[in-house]
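Shown next: my_file-v1.cif, containing mmCIF, C-alpha atoms.
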data_protein
#
loop_
_atom_site.label_atom_id
_atom_site.label_comp_id
_atom_site.auth_asym_id
_atom_site.auth_seq_id
_atom_site.Cartn_x
_atom_site.Cartn_y
_atom_site.Cartn_z
CA MET H 1 56.23 119.07 84.72
CA LYS H 2 55.48 122.49 86.15
CA LEU H 3 55.47 122.92 89.93
CA GLU H 4 53.42 125.43 91.88
CA ILE H 5 54.87 127.35 94.80
CA SER H 6 54.44 125.40 98.10
CA GLU H 7 53.61 122.19 96.20
CA SER H 8 54.93 118.90 97.62
CA ILE H 9 55.72 115.78 95.60
CA GLU H 10 57.07 112.26 96.06
CA VAL H 11 59.08 110.87 93.13
CA ASP H 12 61.42 108.02 92.35
CA THR H 13 64.68 108.67 90.51
CA LYS H 14 63.31 108.01 87.03
CA LYS H 15 60.30 110.26 87.52
CA LEU H 16 62.51 112.98 88.97
CA VAL H 17 64.71 112.97 85.86
CA GLU H 18 62.05 112.50 83.20
CA GLU H 19 59.18 114.61 84.58
CA TYR H 20 60.92 117.12 86.86
CA GLY H 21 64.27 117.42 85.08
CA GLN H 22 64.16 121.22 85.41
CA LEU H 23 65.14 120.75 89.07
CA LEU H 24 68.51 119.23 88.18
CA THR H 25 71.62 120.26 86.29
CA GLU H 26 72.08 118.69 82.87
CA SER H 27 75.23 116.86 83.94
CA SER H 28 73.43 115.27 86.92
CA LYS H 29 70.61 114.06 84.69
CA GLN H 30 73.01 112.59 82.13
CA SER H 31 75.01 110.86 84.88
CA ILE H 32 71.85 109.23 86.28
CA ILE H 33 70.59 108.18 82.84
CA LYS H 34 73.95 106.67 81.86
CA SER H 35 73.90 104.69 85.11
CA ASN H 36 70.46 103.24 84.32
CA TYR H 37 68.72 105.59 86.78
CA LYS H 38 71.09 104.78 89.60
CA PHE H 39 73.55 106.98 91.44
CA LYS H 40 77.31 106.70 91.09
CA GLY H 41 80.02 108.60 92.91
CA ASP H 42 78.99 111.99 94.29
CA THR H 43 75.99 112.40 91.99
CA LYS H 44 73.50 111.61 94.76
CA LYS H 45 75.00 114.23 97.09
CA SER H 46 74.89 116.77 94.28
CA VAL H 47 71.23 115.99 93.49
CA ILE H 48 70.20 116.28 97.15
CA HIS H 49 71.97 119.62 97.38
CA GLN H 50 70.20 120.88 94.27
CA LEU H 51 66.82 119.81 95.62
CA GLN H 52 67.47 121.35 99.04
CA SER H 53 67.96 124.72 97.38
CA GLN H 54 64.49 124.50 95.83
CA PHE H 55 62.34 122.81 98.52
CA SER H 56 61.83 123.52 102.20
CA SER H 57 62.29 119.85 103.07
CA VAL H 58 64.02 116.97 101.26
CA LYS H 59 63.74 113.40 102.54
CA VAL H 60 65.61 110.60 100.79
CA ILE H 61 64.35 107.01 101.11
CA SER H 62 66.71 104.32 99.83
CA LYS H 63 65.59 100.71 99.55
CA LYS H 64 67.83 97.77 98.78
CA GLY H 65 66.99 94.59 96.96
CA ARG H 66 65.53 93.66 93.61
CA TYR H 67 62.72 96.19 93.81
CA GLY H 68 64.71 98.81 95.64
CA GLY H 69 65.79 102.26 94.55
CA THR H 70 65.75 105.86 95.72
CA THR H 71 62.63 107.90 96.41
CA PHE H 72 62.56 111.63 97.20
CA GLU H 73 59.92 113.23 99.42
CA LEU H 74 60.04 116.92 98.46
CA LYS H 75 57.93 119.36 100.49
CA GLU H 76 56.96 122.98 99.82
CA PHE H 77 58.50 123.94 96.49
CA LYS H 78 60.10 127.38 96.80
CA ASN H 79 61.28 128.27 93.30
CA LEU H 80 63.59 127.15 90.54
CA VAL H 81 67.11 128.31 91.20
CA LYS H 82 70.39 127.93 89.35
CA TYR H 83 72.36 125.44 91.40
CA GLU H 84 75.70 126.77 92.65
CA ARG H 85 78.26 124.51 94.29
CA GLU H 86 77.98 124.63 98.09
CA ASN H 87 75.45 127.48 97.68
CA LYS H 88 77.53 129.79 99.87
CA GLY H 89 75.98 133.04 98.80
CA GLY H 90 76.05 131.85 95.18
CA ARG H 91 79.37 132.06 93.37
CA PRO H 92 79.19 133.61 89.91
CA SER H 93 79.05 131.38 86.86
CA LEU H 94 82.21 131.03 84.86
CA ASP H 95 83.10 134.10 82.82
CA TRP H 96 84.48 133.00 79.44
CA THR H 97 84.81 136.54 78.02
CA ASN H 98 88.61 136.46 77.87
CA GLU H 99 88.67 133.00 76.30
CA LEU H 100 86.20 134.12 73.63
CA LEU H 101 88.28 137.22 72.84
CA VAL H 102 91.40 135.10 72.38
CA ILE H 103 89.53 132.55 70.24
CA ARG H 104 88.33 135.40 67.97
CA GLU H 105 91.89 136.69 67.70
CA LEU H 106 93.08 133.23 66.67
CA ILE H 107 90.29 133.07 64.08
CA ASN H 108 91.47 136.38 62.62
CA GLN H 109 94.99 135.00 62.42
CA GLU H 110 93.58 132.25 60.24
CA VAL H 111 91.97 134.91 58.03
CA ALA H 112 95.39 136.49 57.55
CA LEU H 113 96.92 133.12 56.68
CA SER H 114 94.23 132.47 54.10
CA ASP H 115 95.46 135.43 52.02
CA ASN H 116 98.19 133.16 50.72
CA GLU H 117 96.18 130.48 48.95
CA ASN H 118 99.30 128.73 47.68
CA PHE H 119 99.97 126.95 50.95
CA TYR H 120 97.01 127.59 53.27
CA LYS H 121 94.51 124.74 53.38
CA GLY H 122 92.53 125.65 56.48
CA PHE H 123 92.40 124.44 60.08
CA THR H 124 90.55 122.01 62.32
CA ILE H 125 88.97 122.78 65.68
CA ASN H 126 91.62 120.67 67.38
CA GLN H 127 94.42 122.71 65.80
CA LEU H 128 92.86 125.93 67.11
CA PHE H 129 92.58 124.35 70.57
CA GLU H 130 96.29 123.52 70.46
CA LYS H 131 97.14 127.12 69.53
CA LEU H 132 94.94 128.36 72.37
CA LEU H 133 96.77 126.33 75.03
CA ASP H 134 100.11 125.75 73.27
CA PHE H 135 100.47 121.98 73.64
CA ASP H 136 99.67 118.87 71.66
CA LYS H 137 99.77 115.09 72.13
CA TYR H 138 103.48 114.95 71.32
CA ASP H 139 104.27 117.33 74.21
CA ILE H 140 102.26 115.06 76.51
CA GLU H 141 104.17 112.01 75.31
CA ASN H 142 107.59 113.67 75.72
CA ILE H 143 106.87 114.91 79.25
CA ALA H 144 105.44 111.51 80.25
CA LYS H 145 108.66 109.82 79.11
CA GLU H 146 110.73 112.35 81.05
CA GLU H 147 108.69 112.05 84.25
CA VAL H 148 108.82 108.25 84.23
CA SER H 149 112.62 108.42 83.94
CA ILE H 150 113.15 110.83 86.87
CA HIS H 151 110.17 110.67 89.28
CA ARG H 152 110.87 108.36 92.23
CA ILE H 153 107.38 106.84 92.28
CA PHE H 154 108.20 105.43 88.85
CA THR H 155 111.94 104.78 89.05
CA LEU H 156 111.56 102.84 92.33
CA SER H 157 108.55 100.83 91.20
CA GLY H 158 110.46 98.01 89.55
CA ASN H 159 107.89 98.15 86.74
CA ASP H 160 108.65 98.34 83.06
CA ALA H 161 109.26 102.04 82.32
CA GLU H 162 107.23 101.75 79.13
CA ASP H 163 104.30 100.38 81.09
CA ASP H 164 104.38 103.29 83.55
CA TYR H 165 104.74 105.71 80.62
CA TYR H 166 101.48 104.47 79.11
CA GLY H 167 99.78 104.64 82.52
CA LEU H 168 100.93 108.21 83.17
CA LYS H 169 99.92 109.35 79.70
CA GLU H 170 96.48 107.78 80.14
CA THR H 171 96.09 109.49 83.54
CA VAL H 172 96.99 112.91 82.13
CA ASN H 173 94.73 112.54 79.08
CA ASN H 174 91.83 111.54 81.31
CA LEU H 175 92.30 114.75 83.30
CA ILE H 176 92.43 116.85 80.12
CA ARG H 177 89.36 115.39 78.41
CA ASN H 178 86.64 117.08 80.42
CA GLN H 179 88.26 120.50 80.06
CA LYS H 180 89.02 120.02 76.39
CA LYS H 181 85.38 119.37 75.60
CA ILE H 182 84.46 122.78 77.06
CA TYR H 183 87.10 124.66 75.03
CA THR H 184 86.38 122.91 71.73
CA SER H 185 82.68 123.69 72.22
CA LEU H 186 83.53 127.38 72.67
CA ILE H 187 85.65 127.31 69.52
CA GLU H 188 82.92 125.63 67.49
CA LYS H 189 80.30 128.14 68.62
CA GLU H 190 82.52 131.07 67.61
CA ILE H 191 83.29 129.56 64.21
CA LYS H 192 79.57 129.17 63.53
CA LYS H 193 79.18 132.94 63.88
CA THR H 194 81.76 133.68 61.17
CA ASN H 195 81.82 133.82 57.39
CA HIS H 196 83.69 130.66 56.44
CA ASN H 197 83.94 127.70 54.13
CA ILE H 198 84.05 124.09 55.25
CA SER H 199 85.80 121.30 53.40
CA TYR H 200 85.05 117.70 54.30
CA LEU H 201 87.94 115.27 53.96
CA ASP H 202 88.43 111.60 54.67
CA SER H 203 91.46 109.84 56.15
CA ASN H 204 92.89 109.45 52.64
CA LYS H 205 92.86 113.26 52.21
CA ASN H 206 90.13 112.96 49.59
CA GLU H 207 87.37 115.55 49.63
CA ILE H 208 83.87 114.23 50.32
CA ASP H 209 80.49 115.97 50.28
CA GLU H 210 78.67 117.20 53.37
CA GLU H 211 75.98 114.54 53.12
CA THR H 212 78.57 111.76 53.21
CA TYR H 213 80.28 113.40 56.19
CA GLN H 214 77.01 113.72 58.11
CA GLU H 215 76.08 110.14 57.31
CA TYR H 216 79.54 109.01 58.49
CA PHE H 217 79.34 111.15 61.64
CA ASN H 218 75.87 109.91 62.64
CA PHE H 219 76.70 106.29 61.85
CA LYS H 220 79.90 106.42 63.86
CA LYS H 221 78.35 108.21 66.84
CA LEU H 222 75.39 105.83 67.04
CA LEU H 223 77.55 102.72 66.65
CA THR H 224 80.03 103.96 69.25
CA LYS H 225 77.24 104.61 71.73
CA GLU H 226 75.66 101.20 71.16
CA LEU H 227 78.97 99.39 71.61
CA LYS H 228 79.83 101.34 74.77
CA VAL H 229 76.41 100.66 76.33
CA LYS H 230 76.78 96.95 75.57
CA ASN H 231 80.34 96.91 76.89
CA ASN H 232 79.38 98.74 80.10
CA LYS H 233 76.64 96.21 80.80
CA GLU H 234 79.23 93.45 80.40
CA LYS H 235 81.54 95.28 82.80
CA GLU H 236 78.82 95.55 85.45
CA LEU H 237 77.95 91.87 85.13
CA LYS H 238 81.61 90.86 85.22
CA ASN H 239 82.13 92.93 88.36
CA GLN H 240 79.17 91.18 90.01
CA TYR H 241 80.66 87.79 89.12
CA PHE H 242 84.04 88.83 90.49
CA LYS H 243 82.59 90.06 93.80
CA ALA H 244 80.66 86.81 94.12
CA GLY H 245 83.85 84.82 93.68
CA MET H 246 82.74 83.38 90.35
CA SER H 247 84.89 82.92 87.26
CA THR H 248 85.11 85.91 84.90
CA LYS H 249 87.14 84.23 82.15
CA ASP H 250 84.27 84.07 79.67
CA PHE H 251 83.56 87.80 79.67
CA ASP H 252 84.76 89.72 76.63
CA ILE H 253 85.33 93.23 77.96
CA LYS H 254 86.78 95.63 75.41
CA ASN H 255 88.98 98.59 76.24
CA GLU H 256 88.54 101.90 74.43
CA ALA H 257 91.09 101.01 71.76
CA GLN H 258 89.27 97.79 70.90
CA LEU H 259 85.96 99.65 70.70
CA LEU H 260 87.51 102.26 68.42
CA LYS H 261 89.03 99.55 66.27
CA GLU H 262 85.63 97.87 65.94
CA VAL H 263 84.04 101.19 65.00
CA ASP H 264 86.83 101.98 62.51
CA SER H 265 86.41 98.57 60.92
CA ALA H 266 82.67 99.15 60.48
CA VAL H 267 83.28 102.66 59.11
CA SER H 268 85.89 101.40 56.65
CA GLU H 269 83.58 98.65 55.46
CA LYS H 270 80.67 101.05 54.94
CA PHE H 271 82.45 104.16 53.63
CA GLY H 272 85.86 103.06 52.37
CA PHE H 273 87.81 105.29 54.79
CA LYS H 274 88.72 105.15 58.51
CA TYR H 275 87.52 108.61 59.54
CA ALA H 276 86.51 112.01 58.19
CA TYR H 277 86.99 115.54 59.45
CA ARG H 278 86.11 119.17 58.78
CA LEU H 279 88.58 121.75 57.53
CA PHE H 280 87.59 125.39 58.11
CA LYS H 281 88.72 128.33 56.00
CA MET H 282 87.87 131.83 57.22
CA ILE H 283 86.77 134.46 54.69
CA ASP H 284 86.28 137.66 56.72
CA GLU H 285 87.68 138.88 60.02
CA VAL H 286 85.40 138.86 63.06
CA GLU H 287 84.81 141.88 65.24
CA ILE H 288 86.63 141.87 68.58
CA ASN H 289 85.53 144.19 71.40
CA GLY H 290 88.72 144.35 73.45
CA LYS H 291 91.96 142.42 73.60
CA GLY H 292 92.22 138.98 75.11
CA ASP H 293 95.04 137.69 77.30
CA ILE H 294 96.17 134.28 76.08
CA ASN H 295 98.40 133.79 79.14
CA LEU H 296 95.35 134.20 81.37
CA VAL H 297 93.53 131.57 79.27
CA ARG H 298 96.35 129.12 79.93
CA GLU H 299 96.58 130.03 83.61
CA ASN H 300 92.85 129.43 84.10
CA PHE H 301 93.08 126.12 82.26
CA PHE H 302 95.96 125.12 84.52
CA ASN H 303 94.06 126.10 87.66
CA ARG H 304 90.93 124.20 86.69
CA ILE H 305 92.96 121.11 85.92
CA LEU H 306 94.58 121.33 89.36
CA LYS H 307 91.19 121.91 91.00
CA ASN H 308 89.93 118.70 89.46
CA ALA H 309 93.07 116.86 90.54
CA ASN H 310 92.50 118.05 94.11
CA PHE H 311 88.93 116.73 94.06
CA SER H 312 90.15 113.35 92.82
CA GLN H 313 92.89 113.04 95.44
CA SER H 314 90.60 114.14 98.27
CA LYS H 315 88.43 111.05 97.65
CA HIS H 316 91.25 108.78 98.91
CA GLU H 317 92.93 108.40 102.28
CA LYS H 318 96.71 108.47 102.18
CA LYS H 319 98.32 105.06 102.58
CA GLN H 320 101.57 104.71 104.49
CA GLU H 321 103.21 102.39 101.98
CA ILE H 322 103.18 102.67 98.20
CA ASN H 323 101.82 99.63 96.40
CA TYR H 324 103.92 99.60 93.23
CA SER H 325 101.75 96.92 91.66
CA GLU H 326 98.86 99.38 91.40
CA THR H 327 98.09 101.27 88.20
CA VAL H 328 99.66 104.72 87.90
CA PHE H 329 96.45 106.57 88.80
CA TYR H 330 95.86 104.58 91.99
CA ARG H 331 99.53 104.64 92.94
CA LEU H 332 99.49 108.45 92.79
CA VAL H 333 96.18 109.09 94.59
CA HIS H 334 96.85 106.50 97.31
CA SER H 335 100.26 108.03 98.04
CA HIS H 336 98.78 111.57 97.76
CA GLN H 337 101.31 112.43 95.07
CA TYR H 338 98.66 112.86 92.38
CA VAL H 339 98.21 116.62 92.76
CA GLY H 340 101.95 117.25 92.99
CA CYS H 341 102.69 115.07 89.98
CA MET H 342 99.93 116.67 87.88
CA LYS H 343 101.04 120.17 88.90
CA LEU H 344 104.59 119.41 87.80
CA PHE H 345 103.37 117.79 84.58
CA PHE H 346 101.09 120.65 83.54
CA THR H 347 103.63 123.28 84.55
CA LYS H 348 105.94 121.74 81.98
CA LEU H 349 103.12 121.22 79.50
CA ILE H 350 101.85 124.79 79.28
CA ASP H 351 104.84 126.56 80.85
CA ILE H 352 102.89 128.46 83.47
CA GLU H 353 102.80 128.39 87.26
CA SER H 354 99.52 128.35 89.15
CA LYS H 355 98.77 131.51 91.13
CA LEU H 356 95.00 131.43 91.52
CA ILE H 357 94.24 127.84 92.42
CA ASP H 358 92.14 128.84 95.45
CA GLU H 359 90.39 131.67 93.62
CA VAL H 360 89.53 130.29 90.22
CA GLU H 361 85.81 130.42 89.49
CA GLU H 362 83.90 127.17 89.60
CA ASP H 363 80.96 125.89 87.60
CA SER H 364 78.74 123.30 89.27
CA GLU H 365 77.92 121.46 86.05
CA GLU H 366 81.56 121.35 84.96
CA LEU H 367 82.52 120.02 88.39
CA GLN H 368 79.82 117.35 88.28
CA ARG H 369 80.93 116.30 84.78
CA HIS H 370 84.46 115.91 86.08
CA LEU H 371 83.37 113.90 89.12
CA ASP H 372 81.23 111.66 86.91
CA ASN H 373 84.14 111.10 84.50
CA VAL H 374 86.55 110.35 87.33
CA GLU H 375 84.12 107.96 88.99
CA GLU H 376 83.63 106.04 85.73
CA TYR H 377 87.39 105.96 85.11
CA MET H 378 88.11 104.85 88.68
CA ALA H 379 85.50 102.09 88.47
CA GLU H 380 87.15 100.72 85.35
CA GLN H 381 90.61 101.02 86.88
CA ARG H 382 89.44 99.39 90.11
CA LEU H 383 88.03 96.40 88.25
CA THR H 384 91.25 96.08 86.27
CA GLN H 385 93.32 96.31 89.47
CA GLU H 386 91.21 93.69 91.28
CA GLU H 387 91.44 91.25 88.42
CA GLU H 388 95.20 91.68 88.11
CA PHE H 389 95.43 90.66 91.77
CA TYR H 390 92.89 87.88 91.28
CA ASP H 391 94.65 86.26 88.33
CA GLN H 392 97.58 88.03 86.70
CA ASP H 393 97.88 85.38 84.00
CA ILE H 394 94.37 86.17 82.75
CA TYR H 395 94.57 89.97 82.83
CA PHE H 396 97.86 91.40 81.64
CA ASP H 397 98.67 94.86 80.27
CA VAL H 398 99.24 93.70 76.69
CA GLU H 399 95.84 95.07 75.63
CA ARG H 400 96.57 98.50 76.97
CA MET H 401 100.05 98.59 75.45
CA LEU H 402 98.66 97.60 72.06
CA TYR H 403 96.04 100.31 72.42
CA ASP H 404 98.53 103.07 73.12
CA GLN H 405 100.90 101.88 70.43
CA GLN H 406 98.06 101.92 67.92
CA ALA H 407 96.80 105.31 69.02
CA GLN H 408 100.27 106.84 68.90
CA GLU H 409 101.04 105.43 65.48
CA TYR H 410 97.79 106.00 63.61
CA MET H 411 95.79 108.82 65.19
CA THR H 412 96.20 112.15 63.42
CA ASP H 413 95.34 115.53 64.91
CA GLU H 414 92.05 115.51 63.04
CA GLU H 415 91.19 112.06 64.36
CA TRP H 416 91.95 113.14 67.92
CA GLU H 417 89.45 115.97 67.48
CA GLU H 418 86.77 113.57 66.30
CA ARG H 419 87.52 111.12 69.13
CA TYR H 420 86.97 113.81 71.76
CA LEU H 421 83.82 115.16 70.15
CA GLU H 422 82.21 111.79 69.56
CA LEU H 423 83.30 109.56 72.43
CA LEU H 424 82.83 112.10 75.22
CA SER H 425 79.81 114.09 74.09
CA TYR H 426 76.91 111.87 75.08
#

For the file at hand, write its structure as C-alpha cells.
Amino acid sequence: MKLEISESIEVDTKKLVEEYGQLLTESSKQSIIKSNYKFKGDTKKSVIHQLQSQFSSVKVISKKGRYGGTTFELKEFKNLVKYERENKGGRPSLDWTNELLVIRELINQEVALSDNENFYKGFTINQLFEKLLDFDKYDIENIAKEEVSIHRIFTLSGNDAEDDYYGLKETVNNLIRNQKKIYTSLIEKEIKKTNHNISYLDSNKNEIDEETYQEYFNFKKLLTKELKVKNNKEKELKNQYFKAGMSTKDFDIKNEAQLLKEVDSAVSEKFGFKYAYRLFKMIDEVEINGKGDINLVRENFFNRILKNANFSQSKHEKKQEINYSETVFYRLVHSHQYVGCMKLFFTKLIDIESKLIDEVEEDSEELQRHLDNVEEYMAEQRLTQEEEFYDQDIYFDVERMLYDQQAQEYMTDEEWEERYLELLSY
C-alpha cells in the first residue's frame, strides 16, 4: 500500500508484511512469514532499524498472551530508502563485478571443452561453483576428519571421533549454505544469458524431457515445503511440551535426512527415479569486459564466511569450562573457539588467508538471511541438546549418524546442487 509523505500508520506484524512490505527487506519478510508472523532471533531489531530509517518516530508495542503480538506505531513517513546495516552513512551494496567476470571466464572454458564432443557431456551449476571456489564435499570431509584427530576440543572430549566428525561437518556445511545459494544464483543468471543447450537427466543417467523435469522439480519442491512446515509445527509443539515438563516421547520429529528420504521415496514412486538434474552445454563464448581475479573471489568468500562466524559467536558469552557433552556447534561457540576453528578450516579448504575481514563489504539482506539461518539451526540444536540432557536413552545420535552415512554414500554432485536449490530457496 502506497504511503504519502508525513503519513502516520499503526499496523500489526501481519499487516506490515502483507500491506506495507515495501518498507522491509525481502529476507526480513520471509523470516517473519516462515515464523507464522512472529519474530525470531535478531529479525525484530532489524525490522525496527529499517522502519526508523523511513519514519520520524517508531513505537513498538508488544503484548503477551493468547491474543498478543507486536504492533508498530509509525509516525511521519519520510521516504522509502534502501536499508543499509547500521545506516552509518550508508555502506555500498555488494559489488559482484569481479565474481561475474570470473564466472563468464569459467563458462568460456566450458565452451572450449565442448569442442571435443567425444568426451565432453556438459556441466552442472554445482560443478561450476566448485571450480569457482576450488573445493567440494570430499575436501570438507577430509579436513573434518583431520581436524577431529588433532584439535584439542575434539581429542580431549572423550566422545567418539566419528560422532564429532559428523558434528563438525554439519557445522561447516551450515555455514557454507547461505553463501552458496548466492553464488549458484549468480551462476544461473549468467548461464541464462548465454547460447546453450540443456539436457535433463535422471538419477539413472537416462535422459528425460523438460516437461518431466519441471513436473518432478515442482512436485519435489512443494512436497518438501509441506513436510518441513508440518515438521516445524511438531518441533514447536514438542518444545512447548518439554518446557512445561511434559513427556515428548510421542512426537515424531524428523531430521533433514529423514525428510529427504521421505521426499525421495515419493519421487521414486511417482517418477521411477530418485532425482533429476540439468546438464548445460555451452555453444558460443560470452563477451567479457575485463579480466576477473579468481583469487579475489575466493578471498571474498572466505571473508564473508568469517564475518558470519563472528556474528554467530558474538551471540554467546564465553563459558569458563568446556561442556564436552554439547554438540560441536555449541561446544565451539560457548568456548569462543568457533571463529578460530572455522578460520583454520576454511584456510585449509580454499587455501587462502584472510586479509580483509574488517573491510569486506556487507549486504543487509545477506546478513539477515544468515542470522535467520543460524537462529533456526541453533533452535534445532538447542532442542536436541536439551532433550539429550533430559533423557539420553530416548534421544541418541543414531539418527544423525545414519543421515550423514546415507548422504555421504548416495548423494552425487548433481543431487547436492538440487538439495541446495530446493531446500534452502523458500

Restricting the calculation to only C-alpha atoms: of H:Tyr338, H:Phe77, H:Trp96, H:Tyr275, which residue gets closest to Ser314 of chain H?
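Closest to Ser314 of chain H of all the choices is H:Tyr338.
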
Hey, what's within 12 Å of segment 124-128 of chain H if we count all atoms listed in the file and toss same-chain stuff fewer than 2 positions away? As a ChimeraX atom specification, please? /H:102-110,121-122,130-137,180-181,183-192,197-201,276-282,412-421

TODO: Check which residues satisfy the PyMOL selection byres ((chain H and resi 253) around 7) in the file shown, then give them as a ChimeraX atom specification.
DONE: /H:231,234-235,251-252,254-255

Save out the residues we just selected, C-alpha atoms, as a CSV table (one decimal), in the frame of the given file.
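Full text of again33.csv as output:
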chain,number,residue,atom,x,y,z
H,231,ASN,CA,80.3,96.9,76.9
H,234,GLU,CA,79.2,93.4,80.4
H,235,LYS,CA,81.5,95.3,82.8
H,251,PHE,CA,83.6,87.8,79.7
H,252,ASP,CA,84.8,89.7,76.6
H,254,LYS,CA,86.8,95.6,75.4
H,255,ASN,CA,89.0,98.6,76.2

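When all atoms listed in the file are used to compute distances to Glu170 of chain H, the closest of the residues H:Ile48, H:Ile352, H:Val328, H:Val58 turns out to be H:Val328.
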
- prompt: Of the candidates H:Glu262, H:Glu76, H:Asp160, H:Asp284, which one gets nearest to Ala112 of chain H if we count only C-alpha atoms?
  reply: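 Checking each candidate against Ala112 of chain H, we get H:Asp284 as the closest.
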
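Between Glu285 of chain H and the residues H:Asp115, H:Glu215, H:Asp202, H:Glu210, the shortest atom-to-atom distance, using all atoms listed in the file, involves H:Asp115.
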
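Candidate residues H:Lys291, H:Lys78, H:Lys15, H:Arg152 were compared for distance to Leu332 of chain H, and the nearest is H:Arg152, using all atoms listed in the file.
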
Check what the PyMOL selection byres ((chain H and resi 52) around 12) selects in the file above and give those residues as a PDB file with C-alpha atoms, keeping the file's coordinate frame.
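File written: selection.pdb
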ATOM      1  CA  LEU H  23      65.140 120.750  89.070  1.00  0.00           C
ATOM      2  CA  LEU H  24      68.510 119.230  88.180  1.00  0.00           C
ATOM      3  CA  LYS H  45      75.000 114.230  97.090  1.00  0.00           C
ATOM      4  CA  SER H  46      74.890 116.770  94.280  1.00  0.00           C
ATOM      5  CA  VAL H  47      71.230 115.990  93.490  1.00  0.00           C
ATOM      6  CA  ILE H  48      70.200 116.280  97.150  1.00  0.00           C
ATOM      7  CA  HIS H  49      71.970 119.620  97.380  1.00  0.00           C
ATOM      8  CA  GLN H  50      70.200 120.880  94.270  1.00  0.00           C
ATOM      9  CA  LEU H  51      66.820 119.810  95.620  1.00  0.00           C
ATOM     10  CA  SER H  53      67.960 124.720  97.380  1.00  0.00           C
ATOM     11  CA  GLN H  54      64.490 124.500  95.830  1.00  0.00           C
ATOM     12  CA  PHE H  55      62.340 122.810  98.520  1.00  0.00           C
ATOM     13  CA  SER H  56      61.830 123.520 102.200  1.00  0.00           C
ATOM     14  CA  SER H  57      62.290 119.850 103.070  1.00  0.00           C
ATOM     15  CA  VAL H  58      64.020 116.970 101.260  1.00  0.00           C
ATOM     16  CA  LYS H  59      63.740 113.400 102.540  1.00  0.00           C
ATOM     17  CA  VAL H  60      65.610 110.600 100.790  1.00  0.00           C
ATOM     18  CA  PHE H  72      62.560 111.630  97.200  1.00  0.00           C
ATOM     19  CA  GLU H  73      59.920 113.230  99.420  1.00  0.00           C
ATOM     20  CA  LEU H  74      60.040 116.920  98.460  1.00  0.00           C
ATOM     21  CA  LYS H  75      57.930 119.360 100.490  1.00  0.00           C
ATOM     22  CA  GLU H  76      56.960 122.980  99.820  1.00  0.00           C
ATOM     23  CA  PHE H  77      58.500 123.940  96.490  1.00  0.00           C
ATOM     24  CA  LYS H  78      60.100 127.380  96.800  1.00  0.00           C
ATOM     25  CA  ASN H  79      61.280 128.270  93.300  1.00  0.00           C
ATOM     26  CA  LEU H  80      63.590 127.150  90.540  1.00  0.00           C
ATOM     27  CA  VAL H  81      67.110 128.310  91.200  1.00  0.00           C
ATOM     28  CA  TYR H  83      72.360 125.440  91.400  1.00  0.00           C
ATOM     29  CA  GLU H  84      75.700 126.770  92.650  1.00  0.00           C
ATOM     30  CA  GLU H  86      77.980 124.630  98.090  1.00  0.00           C
ATOM     31  CA  ASN H  87      75.450 127.480  97.680  1.00  0.00           C
TER      32      ASN H  87
END

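Going from atom CA of Ser203 of chain H over to atom CA of Asn218 of chain H, you cover 16.9 Å.
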
query = What separation in Å, quoted to one decimal, exists between atom CA of Gly158 of chain H and atom CA of Asn323 of chain H?
reply =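 Computing the Euclidean distance for atom CA of Gly158 of chain H and atom CA of Asn323 of chain H yields 11.1 Å.
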
Quiz item: Once the PyMOL selection byres ((chain H and resi 318) around 6) has been applied to the shown file, what residues remain in the selection, as a ChimeraX atom specification?
Solution: /H:317,319,334-336

A straight line from atom CA of Gln258 of chain H to atom CA of Ala161 of chain H spans 23.4 Å

Between H:Thr347, H:Thr97, H:Gln240, H:Ser31, which is the closest to Ile143 of chain H once you count all atoms listed in the file?
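With all atoms listed in the file as the atom set, the closest residue is H:Thr347.
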